[in-house]
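Worksheet: one structure, shown below.
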Amino acid sequence: MRDRNEQGQTTLTRRSLNLGLIAGALLPFPAHASHLFDVRAFGAKGDGRAIDSGAFNAAIAAAARASGGIVLVPAGRYLCFSIELKSHVTIQLAKGAVIEAADPARHPGQYDMPEDADQPYQDFGHSHWRNSLIWGEDVEDAAITGPGLIHGLGLTRNGPGARWKAQTGERPLSMKGMTGAQIAALEPDVAAMRGSGNKAIALRNGRNIRLSGFSMLKCGHFAILATGTRDLTIQNLTIDTERDGIDLDCVRDALVENCRVNTPNDDAIVVKASYALGRAIAAERVTIRRCAVSGYDLGTMLDGTRRKTQQLAPDRDRVTGRIKLGTESNGGYRDILIEDCSFTHCRGLALEAVDGGVMEHVVARRLTMRDITTAPIFLRLGDRRRGPPGTGIGAIRNVTISDVDATGIDHRYPAAIAGLVGHPIENVKLANIRLAYNGGGTEADAARHPEEHPSAYPEPSMFGPLPAWGLWVRHARGLTIDGLQLAVSAPDARPPILLEDAPDTAIARTPFWRGRD
């Protein structure tokens, strides 16, 4: 049925292609199916003891020399350091195939060295790609497909923070009480990162890349970091990891759909527009649809137990696990669609522009939220300006959020829209939204006048408990509210809605609201 030549390549007959071993209809690039390269033919053991990354890289190089092919990963546990993805190559993980990230402290070898990047405005993790389990640079027409598992067991979740000096907005205010030793444990210096891996999949630039069908567990700082990548498709992934799930940074024409992402300690699916590539680049034409995000205990979404024993994330707020635009926002965002997604036991939708970029033409619709640990909806225009001299204040405008059903929301944090004095968030529409809170706000909470905190790291908790329990708006213009239903399960002394400096607000089909002088 198939014959292997001396280079480890498998030649397929038409009959074998029809058997479903490599079914063209299941492949993102059916053209790759004419050449198969089995990693075992290149020396991979798959026994969980031998280091197999050399065999993986040899098979990928052979496929690239053949002008494209499929690198087959049969069932087994493959202990690996860095694997370099190349153009015109599909890595096919069979059922029962596990790529395990090796640990330099326990296994002979190390990950590829991080690039010599002089990037003061991003943290270490966002500024390097090669120190990863699987990485690709300027890769085109490539894919990783399932149904196997990528297990980042030997990766580290930690890394140095940005060298940017205006540290007021580098960390959330909730971390203010942490000691220097506690911060250092999360942010070791650069020397400690040499030879370590802190991402499972990292893509720098590249075009027409597909990730589909596999699962990911415990994947370091990022399960997936895609920076400057175009025509990116991420489908049908299950990710259960200790920090960020899917980070789309400065991407264009990207689709994330039918993914389940559990990240109790950081964001689940996040779109960014950072300065990691040395210039401001917008994130444009990104669609996130039919995805489920959560903040269950690490590993318990993947194993089905969905435990909720963890109360706090490392930033000292409650567990994370949300969909977010931000925090890194130098290049801004345009034409972003988030639809038909669910949020469970996690923070809500966050839309943030604090580093000079413009956020516009964002649509979020048909969202279901249950057991929400901070604000269900959070829009923040800030003045952090983490970027080169001349970075200004950005803008948020033309945002539509509709058909949201959220229950079990932490009473401290209503939906919030917070701009800046002289820089309002503009033309936001909220339509057909139902928010049900746990209640419990006090008269002291109602009397609060939150500080502006223009340069602080954006989080719903940055203002403390807010003086309204349903919706709090400050520094917004042209807000339209059409059909806002608010409910509370316990008495709350605050007003349901509070608007401050919100001219040209139009409210319909909303039973109560109140302004403050």
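Just remember, in the structure tokens the first chain shown is A, the second B, etc., residues are 1-based per chain, and ligands are 1-based in the order shown.
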Give me, as JSON lines, the closest atom pair and its distance (Å, one decimal) for every residue of stretch 201-274 of chain A within a cut-off of 6 Å of stretch 145-166 of chain A, counting only C-alpha atoms, rows sorted by chain and rising number.
```
{"residue": "A:Leu211", "atom": "CA", "partner": "A:Thr145", "partner_atom": "CA", "distance": 5.8}
{"residue": "A:Ser212", "atom": "CA", "partner": "A:Thr145", "partner_atom": "CA", "distance": 4.8}
{"residue": "A:Gly213", "atom": "CA", "partner": "A:Gly146", "partner_atom": "CA", "distance": 4.2}
{"residue": "A:Phe214", "atom": "CA", "partner": "A:Gly146", "partner_atom": "CA", "distance": 4.0}
{"residue": "A:Ser215", "atom": "CA", "partner": "A:Leu149", "partner_atom": "CA", "distance": 4.7}
{"residue": "A:Met216", "atom": "CA", "partner": "A:Ile150", "partner_atom": "CA", "distance": 4.8}
{"residue": "A:Leu217", "atom": "CA", "partner": "A:His151", "partner_atom": "CA", "distance": 4.9}
{"residue": "A:Lys218", "atom": "CA", "partner": "A:Gly152", "partner_atom": "CA", "distance": 5.2}
{"residue": "A:Cys219", "atom": "CA", "partner": "A:Gly152", "partner_atom": "CA", "distance": 4.2}
{"residue": "A:Gly220", "atom": "CA", "partner": "A:Arg157", "partner_atom": "CA", "distance": 3.9}
{"residue": "A:His221", "atom": "CA", "partner": "A:Arg157", "partner_atom": "CA", "distance": 4.2}
```
(message) Residues near A:Val293, anyone? I mean within 6 Å using only C-alpha atoms, not counting same-chain ones fewer than 4 positions away, as a ChimeraX atom specification.
(response) /A:260-262,321-322,343
Kindly export the residues of the current selection with N, CA, C and O atoms, as a PDB file, in the first residue's frame.
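Contents of the output file part-v4.pdb:
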```pdb
ATOM      1  N   ARG A 260     -12.261  25.634  22.597  1.00  0.00           N
ATOM      2  CA  ARG A 260     -12.502  25.691  24.033  1.00  0.00           C
ATOM      3  C   ARG A 260     -11.177  26.039  24.712  1.00  0.00           C
ATOM      4  O   ARG A 260     -10.179  25.331  24.527  1.00  0.00           O
ATOM      5  N   VAL A 261     -11.188  27.131  25.489  1.00  0.00           N
ATOM      6  CA  VAL A 261      -9.938  27.622  26.065  1.00  0.00           C
ATOM      7  C   VAL A 261     -10.148  27.900  27.551  1.00  0.00           C
ATOM      8  O   VAL A 261     -10.961  28.754  27.917  1.00  0.00           O
ATOM      9  N   ASN A 262      -9.407  27.198  28.390  1.00  0.00           N
ATOM     10  CA  ASN A 262      -9.505  27.351  29.837  1.00  0.00           C
ATOM     11  C   ASN A 262      -8.199  27.916  30.372  1.00  0.00           C
ATOM     12  O   ASN A 262      -7.140  27.291  30.233  1.00  0.00           O
ATOM     13  N   GLY A 321      -9.478  33.977  32.289  1.00  0.00           N
ATOM     14  CA  GLY A 321     -10.157  33.132  31.316  1.00  0.00           C
ATOM     15  C   GLY A 321     -11.108  33.808  30.354  1.00  0.00           C
ATOM     16  O   GLY A 321     -12.078  33.202  29.941  1.00  0.00           O
ATOM     17  N   ARG A 322     -10.907  35.003  29.930  1.00  0.00           N
ATOM     18  CA  ARG A 322     -11.887  35.761  29.147  1.00  0.00           C
ATOM     19  C   ARG A 322     -11.468  35.934  27.688  1.00  0.00           C
ATOM     20  O   ARG A 322     -10.417  35.477  27.255  1.00  0.00           O
ATOM     21  N   PHE A 343     -18.812  32.403  28.109  1.00  0.00           N
ATOM     22  CA  PHE A 343     -17.850  32.697  29.160  1.00  0.00           C
ATOM     23  C   PHE A 343     -18.364  32.004  30.425  1.00  0.00           C
ATOM     24  O   PHE A 343     -19.497  32.255  30.842  1.00  0.00           O
TER      25      PHE A 343
END
```
(request) Could you give me, as an NGL selection string, the residues within 12 Å of stretch 60-70 of chain A, counting only C-alpha atoms and dropping anything in the same chain fewer than 2 positions from it? (result) :A and (6-12 or 21-24 or 27-39 or 41-42 or 53-58 or 72-73 or 83-94 or 134 or 136 or 139-145)
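Excluding A:Ser489 and any residue on its chain fewer than 3 positions from it, the residues at most 9 Å away by only C-alpha atoms are Gly408, Ala436, Tyr437, Asn438, Gly439, Gly440 and Asp492 of chain A.
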(request) Could you check how far atom CA of A:Arg285 sits from atom CA of A:Asp335, in Å to one decimal? (result)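 Distance between the two atoms: 4.8 Å.
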Per-residue nearest contacts stretch 302-348 of chain A to stretch 243-252 of chain A, cut-off 9 Å, using only C-alpha atoms, as a Markdown table:
```
| residue | atom | partner | partner_atom | distance |
| --- | --- | --- | --- | --- |
| A:Gly321 | CA | A:Asp244 | CA | 8.3 |
| A:Glu328 | CA | A:Asp249 | CA | 8.6 |
| A:Gly331 | CA | A:Cys250 | CA | 7.4 |
| A:Gly332 | CA | A:Cys250 | CA | 8.7 |
| A:Tyr333 | CA | A:Cys250 | CA | 8.7 |
```
Please return, as a PDB file with C-alpha atoms, in the first residue's frame, all residues of stretch 146-260 of chain A that DSSP assigns to alpha helix (DSSP H) on the basis of the backbone.
```
ATOM      1  CA  GLY A 180       9.653  42.414  45.377  1.00  0.00           C
ATOM      2  CA  ALA A 181      10.393  38.738  45.938  1.00  0.00           C
ATOM      3  CA  GLN A 182       6.894  37.759  44.837  1.00  0.00           C
ATOM      4  CA  ILE A 183       7.231  39.851  41.662  1.00  0.00           C
ATOM      5  CA  ALA A 184      10.693  38.425  40.987  1.00  0.00           C
ATOM      6  CA  ALA A 185       9.331  34.888  41.185  1.00  0.00           C
ATOM      7  CA  LEU A 186       6.943  35.707  38.332  1.00  0.00           C
TER       8      LEU A 186
END
```
Residues of stretch 297-398 of chain A at most 12 Å from stretch 105-127 of chain A: nearest atom pair and distance in Å, only C-alpha atoms, as JSON lines:
```
{"residue": "A:Thr327", "atom": "CA", "partner": "A:Gln122", "partner_atom": "CA", "distance": 10.9}
{"residue": "A:Glu328", "atom": "CA", "partner": "A:Gln122", "partner_atom": "CA", "distance": 8.2}
{"residue": "A:Ser329", "atom": "CA", "partner": "A:Gln122", "partner_atom": "CA", "distance": 11.0}
{"residue": "A:Asn330", "atom": "CA", "partner": "A:Tyr121", "partner_atom": "CA", "distance": 10.0}
{"residue": "A:Asp355", "atom": "CA", "partner": "A:Tyr121", "partner_atom": "CA", "distance": 10.3}
{"residue": "A:Arg384", "atom": "CA", "partner": "A:Tyr121", "partner_atom": "CA", "distance": 11.6}
{"residue": "A:Arg385", "atom": "CA", "partner": "A:Tyr121", "partner_atom": "CA", "distance": 9.8}
{"residue": "A:Arg386", "atom": "CA", "partner": "A:Tyr121", "partner_atom": "CA", "distance": 6.2}
{"residue": "A:Gly387", "atom": "CA", "partner": "A:Tyr121", "partner_atom": "CA", "distance": 5.7}
{"residue": "A:Pro388", "atom": "CA", "partner": "A:Tyr121", "partner_atom": "CA", "distance": 7.8}
{"residue": "A:Pro389", "atom": "CA", "partner": "A:Tyr121", "partner_atom": "CA", "distance": 11.2}
{"residue": "A:Thr391", "atom": "CA", "partner": "A:Tyr121", "partner_atom": "CA", "distance": 11.6}
```
Keeping only N, CA and C atoms, take the residues you just selected and write them out as a PDB file, in the first residue's frame.
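Full text of part-v5.pdb as output:
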```pdb
ATOM      1  N   THR A 327      -4.049  43.999  26.484  1.00  0.00           N
ATOM      2  CA  THR A 327      -3.813  45.376  26.882  1.00  0.00           C
ATOM      3  C   THR A 327      -2.910  46.087  25.859  1.00  0.00           C
ATOM      4  N   GLU A 328      -1.938  45.379  25.309  1.00  0.00           N
ATOM      5  CA  GLU A 328      -1.012  45.971  24.346  1.00  0.00           C
ATOM      6  C   GLU A 328      -1.795  46.490  23.142  1.00  0.00           C
ATOM      7  N   SER A 329      -1.711  47.785  22.852  1.00  0.00           N
ATOM      8  CA  SER A 329      -2.644  48.381  21.886  1.00  0.00           C
ATOM      9  C   SER A 329      -2.022  49.509  21.086  1.00  0.00           C
ATOM     10  N   ASN A 330      -0.709  49.454  20.829  1.00  0.00           N
ATOM     11  CA  ASN A 330      -0.046  50.523  20.073  1.00  0.00           C
ATOM     12  C   ASN A 330      -0.620  50.697  18.683  1.00  0.00           C
ATOM     13  N   ASP A 355      -2.467  52.325  24.783  1.00  0.00           N
ATOM     14  CA  ASP A 355      -1.109  52.607  24.309  1.00  0.00           C
ATOM     15  C   ASP A 355      -1.084  53.406  23.012  1.00  0.00           C
ATOM     16  N   ARG A 384      -1.818  54.957  29.234  1.00  0.00           N
ATOM     17  CA  ARG A 384      -0.568  54.328  29.660  1.00  0.00           C
ATOM     18  C   ARG A 384       0.575  54.758  28.748  1.00  0.00           C
ATOM     19  N   ARG A 385       0.348  54.723  27.424  1.00  0.00           N
ATOM     20  CA  ARG A 385       1.339  55.132  26.402  1.00  0.00           C
ATOM     21  C   ARG A 385       2.634  54.333  26.496  1.00  0.00           C
ATOM     22  N   ARG A 386       2.528  53.045  26.677  1.00  0.00           N
ATOM     23  CA  ARG A 386       3.737  52.223  26.644  1.00  0.00           C
ATOM     24  C   ARG A 386       4.189  52.113  25.199  1.00  0.00           C
ATOM     25  N   GLY A 387       5.207  52.867  24.851  1.00  0.00           N
ATOM     26  CA  GLY A 387       5.681  52.925  23.476  1.00  0.00           C
ATOM     27  C   GLY A 387       6.754  53.989  23.352  1.00  0.00           C
ATOM     28  N   PRO A 388       7.270  54.196  22.148  1.00  0.00           N
ATOM     29  CA  PRO A 388       8.344  55.164  21.949  1.00  0.00           C
ATOM     30  C   PRO A 388       7.873  56.589  22.197  1.00  0.00           C
ATOM     31  N   PRO A 389       8.810  57.541  22.357  1.00  0.00           N
ATOM     32  CA  PRO A 389       8.417  58.942  22.518  1.00  0.00           C
ATOM     33  C   PRO A 389       7.508  59.388  21.379  1.00  0.00           C
ATOM     34  N   THR A 391       4.250  58.617  21.444  1.00  0.00           N
ATOM     35  CA  THR A 391       3.022  57.839  21.561  1.00  0.00           C
ATOM     36  C   THR A 391       1.952  58.689  22.244  1.00  0.00           C
TER      37      THR A 391
END
```
(message) Between A:Pro465, A:Gly419, A:Pro172, A:Gly295, which residue has the minimum interatomic distance to A:Thr241, considering only C-alpha atoms?
(response) A:Gly295
